[in-house]
>>> print(open('protein.txt').read())   # compact mmCIF, C-alpha atoms
# COMPACT_ATOMS: atom_id res chain seq x y z
CA MET A 1 13.26 159.16 220.06
CA SER A 2 14.19 155.67 221.11
CA GLU A 3 14.75 152.37 219.35
CA LYS A 4 11.89 149.99 220.21
CA VAL A 5 12.20 146.24 220.75
CA ASP A 6 9.21 144.01 221.41
CA ALA A 7 10.46 140.89 223.21
CA ARG A 8 7.16 139.96 224.83
CA GLY A 9 6.48 136.23 225.02
CA LEU A 10 10.00 135.21 224.04
CA SER A 11 11.90 132.72 226.17
CA CYS A 12 15.59 132.75 227.15
CA PRO A 13 17.83 133.90 225.63
CA GLN A 14 15.86 135.70 222.88
CA PRO A 15 15.10 138.95 224.76
CA ALA A 16 18.79 139.31 225.64
CA ILE A 17 19.85 138.55 222.04
CA LEU A 18 17.40 141.13 220.65
CA THR A 19 18.50 143.68 223.24
CA LYS A 20 22.15 143.14 222.43
CA SER A 21 21.54 143.43 218.70
CA ALA A 22 19.49 146.62 219.17
CA LEU A 23 22.23 148.18 221.31
CA GLU A 24 24.83 147.33 218.71
CA THR A 25 22.91 148.65 215.72
CA THR A 26 21.04 151.69 217.03
CA ASP A 27 22.10 155.24 216.18
CA LEU A 28 19.96 156.56 219.01
CA GLY A 29 21.06 156.95 222.62
CA GLU A 30 18.02 155.17 223.95
CA VAL A 31 16.50 151.71 223.47
CA THR A 32 13.15 150.61 224.90
CA VAL A 33 12.55 146.88 225.31
CA LEU A 34 9.09 145.52 226.01
CA VAL A 35 9.02 142.22 227.94
CA ASP A 36 6.40 140.43 230.00
CA THR A 37 8.28 138.77 232.86
CA MET A 38 10.53 140.14 235.58
CA THR A 39 13.13 137.53 234.56
CA GLN A 40 13.42 139.14 231.14
CA VAL A 41 13.55 142.62 232.68
CA GLN A 42 16.60 141.48 234.62
CA ASN A 43 18.13 139.73 231.60
CA CYS A 44 17.75 142.81 229.39
CA ALA A 45 19.11 145.06 232.11
CA ARG A 46 22.13 142.81 232.66
CA THR A 47 22.83 142.61 228.92
CA ALA A 48 22.67 146.39 228.67
CA GLU A 49 24.79 147.01 231.76
CA ASN A 50 27.44 144.58 230.49
CA ALA A 51 27.58 146.73 227.34
CA GLY A 52 27.96 149.92 229.35
CA TRP A 53 24.34 151.11 229.22
CA GLN A 54 22.03 152.00 232.09
CA ALA A 55 18.69 150.35 232.66
CA GLU A 56 15.47 151.14 234.44
CA TYR A 57 11.99 149.75 234.05
CA GLU A 58 8.34 150.39 234.71
CA GLU A 59 5.27 148.19 234.62
CA LYS A 60 2.81 149.06 231.88
CA GLU A 61 -0.47 147.28 231.18
CA GLY A 62 0.65 143.86 232.35
CA ALA A 63 4.03 144.13 230.64
CA PHE A 64 7.32 145.81 231.48
CA GLU A 65 9.03 148.58 229.60
CA VAL A 66 12.79 148.50 230.07
CA ARG A 67 14.41 151.82 229.19
CA LEU A 68 18.07 151.59 228.26
CA THR A 69 20.21 154.68 227.99
CA LYS A 70 23.85 155.25 227.25
CA MET B 71 12.53 151.44 238.77
CA ASN B 72 16.03 150.17 239.36
CA VAL B 73 16.51 146.48 238.56
CA ARG B 74 19.28 146.04 241.10
CA LYS B 75 17.25 146.58 244.24
CA ASP B 76 16.27 142.90 244.21
CA PHE B 77 19.04 141.03 246.08
CA PHE B 78 18.27 137.78 244.24
CA ALA B 79 19.06 139.46 240.91
CA THR B 80 22.57 140.35 242.03
CA LEU B 81 25.77 138.37 241.55
CA ALA B 82 25.98 137.81 245.31
CA GLY B 83 22.39 136.53 245.23
CA ILE B 84 22.99 133.87 242.60
CA ILE B 85 26.29 132.77 244.17
CA ILE B 86 24.81 132.36 247.64
CA VAL B 87 21.82 130.45 246.28
CA GLY B 88 24.13 128.27 244.14
CA LEU B 89 26.21 127.44 247.22
CA LEU B 90 23.08 126.63 249.19
CA ILE B 91 21.59 124.35 246.53
CA GLY B 92 24.91 122.47 246.20
CA ALA B 93 25.15 122.08 249.97
CA LEU B 94 21.54 120.87 250.21
CA ALA B 95 22.12 118.35 247.40
CA ALA B 96 25.13 116.83 249.19
CA THR B 97 23.12 116.84 252.42
CA LEU B 98 20.25 114.91 250.82
CA GLN B 99 22.81 112.29 249.76
CA LYS B 100 24.14 112.15 253.31
CA ASN B 101 20.57 111.56 254.46
CA GLY B 102 19.77 108.70 252.12
CA ASN B 103 19.34 109.92 248.55
CA PRO B 104 21.37 107.87 246.03
CA ALA B 105 25.11 108.62 245.79
CA ASN B 106 26.03 111.62 243.62
CA MET B 107 22.29 112.09 243.10
CA GLY B 108 21.25 114.52 245.83
CA VAL B 109 19.08 116.28 243.33
CA CYS B 110 18.85 115.17 239.71
CA VAL B 111 15.85 116.45 237.84
CA ALA B 112 16.26 113.87 235.08
CA CYS B 113 16.81 110.88 237.38
CA PHE B 114 14.04 111.93 239.73
CA THR B 115 11.55 112.54 236.93
CA ARG B 116 12.51 109.10 235.64
CA ASP B 117 11.90 107.62 239.09
CA ILE B 118 8.49 109.33 239.13
CA ALA B 119 7.70 107.84 235.71
CA GLY B 120 8.56 104.47 237.27
CA ALA B 121 6.42 105.08 240.36
CA LEU B 122 3.48 105.83 238.08
CA GLY B 123 4.10 102.61 236.15
CA LEU B 124 5.03 104.34 232.91
CA HIS B 125 8.10 102.12 232.79
CA ARG B 126 8.81 98.88 234.62
CA ALA B 127 12.52 99.17 235.43
CA GLY B 128 12.21 97.87 238.96
CA ILE B 129 15.26 99.58 240.44
CA VAL B 130 14.27 103.14 239.53
CA GLN B 131 10.71 103.55 240.74
CA TYR B 132 9.98 106.07 243.45
CA LEU B 133 7.75 109.09 243.57
CA ARG B 134 10.56 111.52 244.41
CA PRO B 135 9.06 114.40 246.37
CA GLU B 136 11.83 116.81 245.33
CA VAL B 137 10.55 117.45 241.79
CA PRO B 138 6.95 118.37 242.71
CA ALA B 139 8.34 120.37 245.65
CA PHE B 140 10.62 122.27 243.23
CA CYS B 141 7.61 123.25 241.16
CA LEU B 142 5.51 124.22 244.18
CA GLY B 143 8.37 126.17 245.78
CA ALA B 144 8.69 128.14 242.56
CA PHE B 145 4.90 128.54 242.46
CA LEU B 146 4.93 129.99 246.01
CA ALA B 147 7.78 132.37 245.17
CA ALA B 148 5.96 133.51 242.04
CA LEU B 149 2.79 134.18 244.04
CA VAL B 150 4.58 136.01 246.87
CA PHE B 151 6.57 138.21 244.49
CA ARG B 152 3.70 138.71 242.04
CA GLU B 153 5.48 136.90 239.22
CA PHE B 154 2.87 134.23 238.54
CA ARG B 155 2.03 134.84 234.89
CA PRO B 156 0.03 132.19 233.06
CA ARG B 157 1.33 132.01 229.51
CA THR B 158 1.53 129.46 226.69
CA GLY B 159 1.56 129.04 222.93
CA SER B 160 5.26 128.85 222.06
CA ALA B 161 5.45 125.64 220.04
CA PRO B 162 4.34 123.27 222.82
CA ALA B 163 4.55 120.09 220.72
CA VAL B 164 8.13 120.91 219.67
CA ARG B 165 8.99 121.51 223.31
CA PHE B 166 7.48 118.10 224.17
CA ILE B 167 9.79 116.42 221.65
CA LEU B 168 12.79 118.40 222.92
CA GLY B 169 11.89 117.35 226.47
CA MET B 170 11.79 113.70 225.40
CA PHE B 171 15.18 113.79 223.70
CA ALA B 172 16.76 115.88 226.45
CA MET B 173 15.70 113.20 228.91
CA ILE B 174 16.81 110.31 226.69
CA GLY B 175 20.24 111.94 226.22
CA ALA B 176 20.56 112.59 229.95
CA LEU B 177 19.67 108.96 230.74
CA VAL B 178 22.31 107.66 228.33
CA PHE B 179 24.84 109.60 230.42
CA LEU B 180 22.89 108.85 233.61
CA GLY B 181 22.16 112.32 234.88
CA CYS B 182 20.96 115.79 234.05
CA PRO B 183 23.37 118.75 234.11
CA TRP B 184 22.79 119.08 237.86
CA ARG B 185 23.82 115.49 238.43
CA ALA B 186 26.77 115.81 236.03
CA LEU B 187 28.07 118.46 238.43
CA LEU B 188 27.22 116.37 241.50
CA ARG B 189 29.00 113.35 240.01
CA LEU B 190 32.07 115.50 239.40
CA ALA B 191 31.79 116.86 242.96
CA GLY B 192 31.72 113.26 244.19
CA GLY B 193 34.87 112.30 242.26
CA ASP B 194 33.22 110.42 239.38
CA TRP B 195 35.55 111.34 236.52
CA ASN B 196 33.12 109.92 233.93
CA ALA B 197 31.21 113.13 234.56
CA ILE B 198 34.01 115.06 232.89
CA LEU B 199 33.07 113.48 229.55
CA GLY B 200 29.42 114.22 230.24
CA LEU B 201 30.18 117.85 231.01
CA VAL B 202 32.35 118.19 227.90
CA GLY B 203 29.45 116.71 225.92
CA LEU B 204 27.07 119.15 227.60
CA ILE B 205 29.26 122.12 226.66
CA VAL B 206 29.55 120.84 223.07
CA GLY B 207 25.76 120.38 222.87
CA ILE B 208 25.15 123.88 224.23
CA THR B 209 27.74 125.32 221.82
CA ILE B 210 25.91 123.71 218.89
CA GLY B 211 22.65 125.11 220.28
CA VAL B 212 24.21 128.57 220.49
CA GLN B 213 25.08 128.35 216.77
CA PHE B 214 21.39 127.70 216.03
CA LEU B 215 20.44 130.62 218.28
CA LYS B 216 22.90 132.86 216.45
CA GLY B 217 21.33 131.71 213.19
CA GLY B 218 17.96 132.98 214.39
CA PHE B 219 16.50 129.87 216.04
CA ASN B 220 13.52 130.51 218.28
CA LEU B 221 10.33 128.71 219.18
CA GLY B 222 8.10 131.73 218.71
CA ARG B 223 6.26 133.82 221.25
CA SER B 224 4.04 132.72 224.07
CA TYR B 225 0.97 134.75 224.95
CA PRO B 226 -0.77 135.55 228.21
CA ALA B 227 -3.24 132.81 229.07
CA ARG B 228 -6.04 132.24 231.57
CA SER B 229 -5.10 131.23 235.11
CA LEU B 230 -6.24 127.70 234.34
CA ALA B 231 -3.34 127.23 231.88
CA GLY B 232 -0.77 128.32 234.43
CA LEU B 233 -2.27 126.43 237.36
CA ALA B 234 -2.44 123.04 235.62
CA MET B 235 1.16 122.00 236.31
CA PRO B 236 1.31 123.24 239.94
CA PHE B 237 -1.94 121.31 240.48
CA VAL B 238 -0.53 118.09 239.00
CA MET B 239 2.61 118.55 241.07
CA PHE B 240 0.53 119.15 244.20
CA VAL B 241 -1.29 115.86 243.63
CA LEU B 242 2.06 114.09 243.15
CA LEU B 243 3.40 115.66 246.35
CA VAL B 244 0.36 114.50 248.33
CA LEU B 245 0.81 110.99 246.91
CA ALA B 246 4.53 111.09 247.80
CA ALA B 247 3.72 112.12 251.36
CA LEU B 248 1.07 109.41 251.70
CA TYR B 249 3.03 106.68 249.93
CA PRO B 250 4.22 104.63 252.91
CA GLN B 251 0.58 103.97 253.85
CA PHE B 252 -0.24 102.89 250.31
CA GLY B 253 2.75 100.57 250.28
CA GLU B 254 2.17 98.98 253.67
CA ALA B 255 -1.44 98.29 252.85
CA GLY B 256 -0.17 95.87 250.23
CA LYS B 257 -2.25 97.53 247.58
CA ALA B 258 0.35 99.90 246.22
CA ALA B 259 -1.08 102.73 244.19
CA LEU B 260 2.49 103.50 243.19
CA PHE B 261 5.49 101.38 242.33
CA ARG B 262 8.43 101.55 244.71
CA SER B 263 11.84 99.97 244.22
CA THR B 264 13.04 97.61 246.92
CA LYS B 265 16.63 97.72 245.67
CA GLY B 266 18.82 99.96 243.51
CA PRO B 267 18.79 103.76 243.37
CA GLY B 268 14.99 103.84 243.56
CA ALA B 269 15.15 102.28 247.03
CA ALA B 270 17.56 104.94 248.32
CA SER B 271 15.88 108.04 249.61
CA ALA B 272 16.15 110.75 252.21
CA PRO B 273 13.25 111.07 254.68
CA VAL B 274 10.18 112.34 252.82
CA VAL B 275 9.78 115.42 255.02
CA LEU B 276 13.40 116.46 254.44
CA SER B 277 13.06 115.92 250.68
CA ILE B 278 9.91 118.04 250.57
CA LEU B 279 11.43 120.85 252.65
CA VAL B 280 14.63 120.97 250.61
CA GLY B 281 12.61 120.82 247.40
CA LEU B 282 10.41 123.75 248.44
CA VAL B 283 13.39 125.87 249.53
CA VAL B 284 15.34 125.12 246.34
CA GLY B 285 12.28 125.79 244.17
CA PHE B 286 11.61 129.09 245.94
CA LEU B 287 15.20 130.35 245.72
CA ALA B 288 15.78 129.09 242.18
CA GLN B 289 12.65 130.90 240.99
CA ARG B 290 13.94 134.12 242.57
CA THR B 291 17.47 133.85 241.14
CA ARG B 292 16.60 132.12 237.81
CA PHE B 293 19.26 129.48 238.65
CA CYS B 294 19.92 127.54 235.43
CA THR B 295 22.85 125.24 234.63
CA VAL B 296 22.39 125.20 230.85
CA GLY B 297 21.64 128.93 230.80
CA GLY B 298 24.87 129.53 232.71
CA ILE B 299 27.02 127.85 230.08
CA ARG B 300 24.93 129.26 227.21
CA ASP B 301 25.16 132.87 228.40
CA ALA B 302 28.92 132.55 228.90
CA ILE B 303 29.38 131.32 225.31
CA LEU B 304 26.75 133.47 223.63
CA MET B 305 26.90 136.76 225.53
CA ARG B 306 30.11 136.60 227.59
CA ASP B 307 27.74 136.97 230.54
CA PHE B 308 28.92 134.97 233.55
CA HIS B 309 26.06 135.76 235.94
CA LEU B 310 24.23 132.40 235.87
CA LEU B 311 27.48 130.46 235.46
CA SER B 312 28.70 131.95 238.77
CA GLY B 313 25.76 130.25 240.48
CA VAL B 314 26.51 126.96 238.73
CA ILE B 315 30.17 127.04 239.81
CA ALA B 316 29.10 127.91 243.36
CA PHE B 317 26.78 124.87 243.27
CA LEU B 318 29.70 122.62 242.23
CA ILE B 319 32.08 124.02 244.86
CA ALA B 320 29.59 123.69 247.72
CA ALA B 321 28.71 120.11 246.76
CA PHE B 322 32.41 119.22 246.50
CA ALA B 323 33.25 120.80 249.87
CA LEU B 324 30.38 119.05 251.65
CA ASN B 325 31.20 115.74 249.96
CA LEU B 326 34.70 116.01 251.45
CA ILE B 327 33.27 116.81 254.89
CA TYR B 328 30.68 114.01 254.70
CA GLY B 329 33.23 111.51 253.36
CA GLN B 330 31.30 111.17 250.09
CA PHE B 331 34.21 111.96 247.76
CA ASN B 332 35.59 108.89 245.95
CA ALA B 333 37.78 109.78 242.99
CA GLY B 334 38.19 107.71 239.83
CA PHE B 335 36.50 106.43 236.69
CA THR B 336 35.69 103.35 238.76
CA LEU B 337 35.99 102.48 242.43
CA GLY B 338 38.60 99.76 241.87
CA THR B 339 37.89 96.05 242.06
CA ASN B 340 36.29 93.82 244.66
CA GLU B 341 37.73 90.60 246.11
CA ALA B 342 36.45 88.59 243.16
CA GLY B 343 38.33 90.91 240.78
CA GLU B 344 35.19 92.54 239.42
CA VAL B 345 35.26 96.25 238.64
CA ILE B 346 33.20 98.36 241.05
CA LYS B 347 31.51 101.13 239.11
CA GLN B 348 30.95 104.65 240.33
CA PRO B 349 27.37 104.90 241.67
CA ALA B 350 24.74 104.95 238.92
CA ALA B 351 27.40 105.45 236.25
CA HIS B 352 29.08 103.66 233.34
CA THR B 353 32.51 104.08 231.77
CA ASN B 354 31.60 104.18 228.06
CA ALA B 355 33.23 107.47 227.07
CA TRP B 356 31.35 107.91 223.79
CA LEU B 357 27.95 107.36 225.37
CA ASN B 358 28.75 109.64 228.32
CA PHE B 359 29.82 112.29 225.84
CA GLY B 360 27.18 111.72 223.14
CA GLY B 361 24.25 111.46 225.52
CA MET B 362 25.06 114.84 226.98
CA VAL B 363 25.62 116.45 223.56
CA LEU B 364 22.03 115.46 222.78
CA ALA B 365 20.78 116.68 226.17
CA GLY B 366 22.72 119.95 226.01
CA LEU B 367 21.47 120.75 222.52
CA SER B 368 17.86 119.91 223.41
CA PHE B 369 17.90 121.95 226.63
CA THR B 370 19.47 124.92 224.83
CA LEU B 371 16.85 124.96 222.08
CA ALA B 372 14.11 124.73 224.74
CA GLY B 373 15.60 127.64 226.70
CA GLY B 374 16.86 126.08 229.92
CA CYS B 375 17.97 123.12 232.00
CA PRO B 376 15.49 120.59 233.41
CA GLY B 377 15.42 122.28 236.81
CA ARG B 378 14.69 125.63 235.23
CA GLN B 379 11.85 124.11 233.17
CA VAL B 380 10.27 122.76 236.35
CA PHE B 381 10.59 126.15 238.08
CA LEU B 382 9.13 127.94 235.04
CA SER B 383 6.20 125.53 235.01
CA GLY B 384 5.60 126.64 238.60
CA GLU B 385 5.38 130.31 237.68
CA GLY B 386 2.71 129.71 235.04
CA ASP B 387 4.74 128.87 231.93
CA GLY B 388 2.53 126.32 230.18
CA ASP B 389 5.17 125.63 227.53
CA ALA B 390 7.78 124.68 230.14
CA ALA B 391 5.10 122.43 231.65
CA VAL B 392 4.76 120.63 228.31
CA PHE B 393 8.56 120.23 228.22
CA VAL B 394 8.45 118.61 231.68
CA LEU B 395 5.73 116.22 230.49
CA GLY B 396 7.96 115.45 227.51
CA MET B 397 10.77 114.58 229.93
CA LEU B 398 8.44 112.28 231.86
CA THR B 399 7.46 110.53 228.62
CA GLY B 400 11.07 110.41 227.42
CA ALA B 401 12.07 108.65 230.63
CA ALA B 402 9.40 106.01 230.10
CA VAL B 403 10.39 105.51 226.46
CA ALA B 404 14.09 105.29 227.38
CA HIS B 405 13.55 102.52 229.91
CA ASN B 406 10.88 100.66 227.94
CA PHE B 407 13.04 100.48 224.81
CA LEU B 408 16.43 99.88 226.49
CA MET B 409 18.00 103.23 225.63
CA VAL B 410 19.52 103.91 229.05
CA ALA B 411 23.27 104.01 229.80
CA THR B 412 24.98 101.25 227.80
CA GLN B 413 21.80 99.37 226.91
CA PRO B 414 21.62 98.09 223.31
CA THR B 415 19.49 100.86 221.80
CA ALA B 416 21.42 103.73 223.42
CA PRO B 417 23.96 104.46 220.64
CA TYR B 418 21.24 104.42 217.97
CA ILE B 419 18.86 106.70 219.82
CA VAL B 420 21.63 109.23 220.49
CA VAL B 421 22.30 109.48 216.74
CA ILE B 422 18.59 109.56 215.87
CA GLY B 423 17.98 112.15 218.58
CA LEU B 424 20.78 114.37 217.34
CA ILE B 425 19.35 114.24 213.81
CA VAL B 426 15.80 115.03 214.98
CA VAL B 427 16.90 117.89 217.25
CA ALA B 428 19.22 119.30 214.56
CA VAL B 429 16.29 119.30 212.12
CA ILE B 430 14.23 121.19 214.73
CA GLY B 431 17.15 123.62 215.06
CA LEU B 432 17.32 124.17 211.31
CA LEU B 433 13.57 124.50 210.74
CA GLY B 434 13.20 126.85 213.71
CA ARG B 435 15.53 129.45 212.26
CA GLU B 436 13.63 132.63 211.63
CA LYS B 437 14.95 136.10 211.99
CA LEU B 438 12.81 137.81 214.59
CA SER B 439 12.04 141.39 213.77
CA LEU B 440 12.65 143.80 216.60
CA GLY B 441 8.94 144.67 216.66
CA ARG B 442 6.05 142.25 216.98
>>> encode(input="protein.txt", output="structure tokens")
Amino acid sequence: MSEKVDARGLSCPQPAILTKSALETTDLGEVTVLVDTMTQVQNCARTAENAGWQAEYEEKEGAFEVRLTK
Amino acid sequence: MNVRKDFFATLAGIIIVGLLIGALAATLQKNGNPANMGVCVACFTRDIAGALGLHRAGIVQYLRPEVPAFCLGAFLAALVFREFRPRTGSAPAVRFILGMFAMIGALVFLGCPWRALLRLAGGDWNAILGLVGLIVGITIGVQFLKGGFNLGRSYPARSLAGLAMPFVMFVLLVLAALYPQFGEAGKAALFRSTKGPGAASAPVVLSILVGLVVGFLAQRTRFCTVGGIRDAILMRDFHLLSGVIAFLIAAFALNLIYGQFNAGFTLGTNEAGEVIKQPAAHTNAWLNFGGMVLAGLSFTLAGGCPGRQVFLSGEGDGDAAVFVLGMLTGAAVAHNFLMVATQPTAPYIVVIGLIVVAVIGLLGREKLSLGR
């Protein structure tokens, strides 16, 4: 199970804000953020890493799935 | 995949690129661009508006090649790294209005955030008030963001939507490269200042090259002055701000080397006892401060500084393109209706702008759900 965040189409800093809020509120050890630019992949990853999480991503159907784990 | 394998996404990447952009800006000044204005996205967009005849302020008309080169450099980087993604639909008309007021605020101060830093790096202490205003404006914007402000989602669009702005910029760049011929023929297709800042320029080829390099590297690193301050306040994330500080330090160091550092609110008095102003600057503290509060707030609500908007427009972001067109229009309005620097309408438009942008900030509050 993982917490899902859809941040596709959102401009700075919304994907990072949503990521941060998901990391702070989730009870699960994994959060998946969907974004559609590499910039937002990097922003989500940085936000997560600053909060002590790990990030990796893969491209899926024209979007990116960023998988964040504790 | 690991996000960190891309050098440009690292802290070292943004710092090196920030240093380089600052050094290139000071170098453009050394080679003829106006003082403390090596690269200023607001001033240069304003000069382009003048070159196209959208305003008739004779001393600030020149089709600056740097701005179209920024966009095309970013466009190239996006193509090479497969990041060109045509997208649009996130409140374009609101972004147009934000672009207008961001530009008007910047022109009251006389410079975008990039130039505020370059003015500081050149010893113009009036820039301190501008930068304080910028930080205040961004802080207000952050409060709106915390309250749920957003402009809604954009959606993938056809290539046409993403190519429109790079195409317009390409046409402008060709015109900029050809301009001397137009001018000498006596049938100018473009306006060109014969005195004032608009008459000061680095060689066209140098401007184009620097513009392309900066656009390319800024697209890779996501260099953003407003984003740097915003992320520091909002997220305690100092990544982008590191690049901004590197930009300031490099410009300052090169200004010292080039002999372009002249400290003070003014440059003293001349033989006739008249005060010599800092280049393209005024000493009205409230307008320096207030103009940049307006600009900082507008840029924050739109998601990035003017440079960043130009780079985004190069990678297919049709909404950023509309913001840039708003800036172009705002520049024309500002000069046509005497809103620039200490001109009579400036104090009024700053207040009106703050009200309009605050209303946008309030109406745009909507809690985004985590899902779509």
>>> residues_around(input="protein.txt", residues="Val66 of chain A", least_positions_apart="4", cutoff="7 Å", atoms="only C-alpha atoms", output="VMD selection string")
chain A and resid 32 to 34 41 55 to 58
>>> residues_around(input="protein.txt", residues="segment 407-421 of chain B", least_positions_apart="2", cutoff="7 Å", atoms="all atoms listed in the file", output="PyMOL selection string")
chain B and resi 175+177-180+352+357+360-361+364+403-405+423-425
>>> atom_distance(input="protein.txt", atom1="atom CA of Leu398 of chain B", atom2="atom CA of Phe359 of chain B")
22.2 Å
>>> closest_residue(input="protein.txt", among="A:Thr69, A:Thr25, A:Ser11, A:Ser2", to="chain B", atoms="only C-alpha atoms")
A:Ser11
>>> residues_around(input="protein.txt", residues="Arg46 of chain A", least_positions_apart="4", cutoff="10 Å", atoms="only C-alpha atoms", output="list in words")
Ala16, Gln40, Val41, Gln42, Asn50, Ala51, Gly52, Trp53, Gln54 and Ala55 of chain A; Val73, Arg74, Ala79, Thr80, Asp307 and His309 of chain B
>>> residues_around(input="protein.txt", residues="Asp36 of chain A", least_positions_apart="5", cutoff="9 Å", atoms="only C-alpha atoms", output="list in words")
Ala7, Arg8, Gly9, Leu10, Val41, Gly62, Ala63, Phe64 and Glu65 of chain A; Arg155 and Pro226 of chain B
>>> residues_around(input="protein.txt", residues="Asp27 of chain A", least_positions_apart="3", cutoff="12 Å", atoms="all atoms listed in the file", output="PyMOL selection string")
chain A and resi 1-3+22-24+30-31+69-70
>>> interface_residues(input="protein.txt", of="chain B", to="chain A", cutoff="10 Å", atoms="all atoms listed in the file", output="PyMOL selection string")
chain B and resi 71-74+76+79-80+151-155+157-160+212+215-216+218-226+289-292+297+300-301+304-307+309+370-374+387+389-390+438-442
>>> closest_residue(input="protein.txt", among="B:Gln99, B:Gly217, B:Gly338, B:Leu124", to="Arg185 of chain B", atoms="all atoms listed in the file")
B:Gln99
>>> closest_residue(input="protein.txt", among="B:Ala259, B:Met235, B:Ile299, B:Ile129", to="Ile315 of chain B", atoms="only C-alpha atoms")
B:Ile299
>>> atom_distance(input="protein.txt", atom1="atom CA of Ser312 of chain B", atom2="atom CA of Ile85 of chain B")
6.0 Å
>>> residues_near_point(input="protein.txt", point="(9.2, 112.0, 253.7)", cutoff="12 Å", atoms="only C-alpha atoms", output="JSON, numbers by chain")
{"B": [98, 101, 102, 103, 132, 133, 134, 135, 136, 139, 243, 244, 245, 246, 247, 248, 249, 250, 251, 271, 272, 273, 274, 275, 276, 277, 278, 279, 280, 281]}
>>> write_last_selection(input="protein.txt", atoms="C-alpha atoms", output="PDB file, keeping the file's coordinate frame")
ATOM      1  CA  LEU B  98      20.250 114.910 250.820  1.00  0.00           C
ATOM      2  CA  ASN B 101      20.570 111.560 254.460  1.00  0.00           C
ATOM      3  CA  GLY B 102      19.770 108.700 252.120  1.00  0.00           C
ATOM      4  CA  ASN B 103      19.340 109.920 248.550  1.00  0.00           C
ATOM      5  CA  TYR B 132       9.980 106.070 243.450  1.00  0.00           C
ATOM      6  CA  LEU B 133       7.750 109.090 243.570  1.00  0.00           C
ATOM      7  CA  ARG B 134      10.560 111.520 244.410  1.00  0.00           C
ATOM      8  CA  PRO B 135       9.060 114.400 246.370  1.00  0.00           C
ATOM      9  CA  GLU B 136      11.830 116.810 245.330  1.00  0.00           C
ATOM     10  CA  ALA B 139       8.340 120.370 245.650  1.00  0.00           C
ATOM     11  CA  LEU B 243       3.400 115.660 246.350  1.00  0.00           C
ATOM     12  CA  VAL B 244       0.360 114.500 248.330  1.00  0.00           C
ATOM     13  CA  LEU B 245       0.810 110.990 246.910  1.00  0.00           C
ATOM     14  CA  ALA B 246       4.530 111.090 247.800  1.00  0.00           C
ATOM     15  CA  ALA B 247       3.720 112.120 251.360  1.00  0.00           C
ATOM     16  CA  LEU B 248       1.070 109.410 251.700  1.00  0.00           C
ATOM     17  CA  TYR B 249       3.030 106.680 249.930  1.00  0.00           C
ATOM     18  CA  PRO B 250       4.220 104.630 252.910  1.00  0.00           C
ATOM     19  CA  GLN B 251       0.580 103.970 253.850  1.00  0.00           C
ATOM     20  CA  SER B 271      15.880 108.040 249.610  1.00  0.00           C
ATOM     21  CA  ALA B 272      16.150 110.750 252.210  1.00  0.00           C
ATOM     22  CA  PRO B 273      13.250 111.070 254.680  1.00  0.00           C
ATOM     23  CA  VAL B 274      10.180 112.340 252.820  1.00  0.00           C
ATOM     24  CA  VAL B 275       9.780 115.420 255.020  1.00  0.00           C
ATOM     25  CA  LEU B 276      13.400 116.460 254.440  1.00  0.00           C
ATOM     26  CA  SER B 277      13.060 115.920 250.680  1.00  0.00           C
ATOM     27  CA  ILE B 278       9.910 118.040 250.570  1.00  0.00           C
ATOM     28  CA  LEU B 279      11.430 120.850 252.650  1.00  0.00           C
ATOM     29  CA  VAL B 280      14.630 120.970 250.610  1.00  0.00           C
ATOM     30  CA  GLY B 281      12.610 120.820 247.400  1.00  0.00           C
TER      31      GLY B 281
END
>>> residues_near_point(input="protein.txt", point="(30.6, 110.9, 230.6)", cutoff="9 Å", atoms="only C-alpha atoms", output="PyMOL selection string")
chain B and resi 179-180+186+195-203+351-362
>>> closest_residue(input="protein.txt", among="B:Ala148, B:Leu324, B:Ala342, B:Met239", to="Ile118 of chain B", atoms="all atoms listed in the file")
B:Met239
>>> atom_distance(input="protein.txt", atom1="atom CA of Val164 of chain B", atom2="atom CA of Val392 of chain B")
9.3 Å
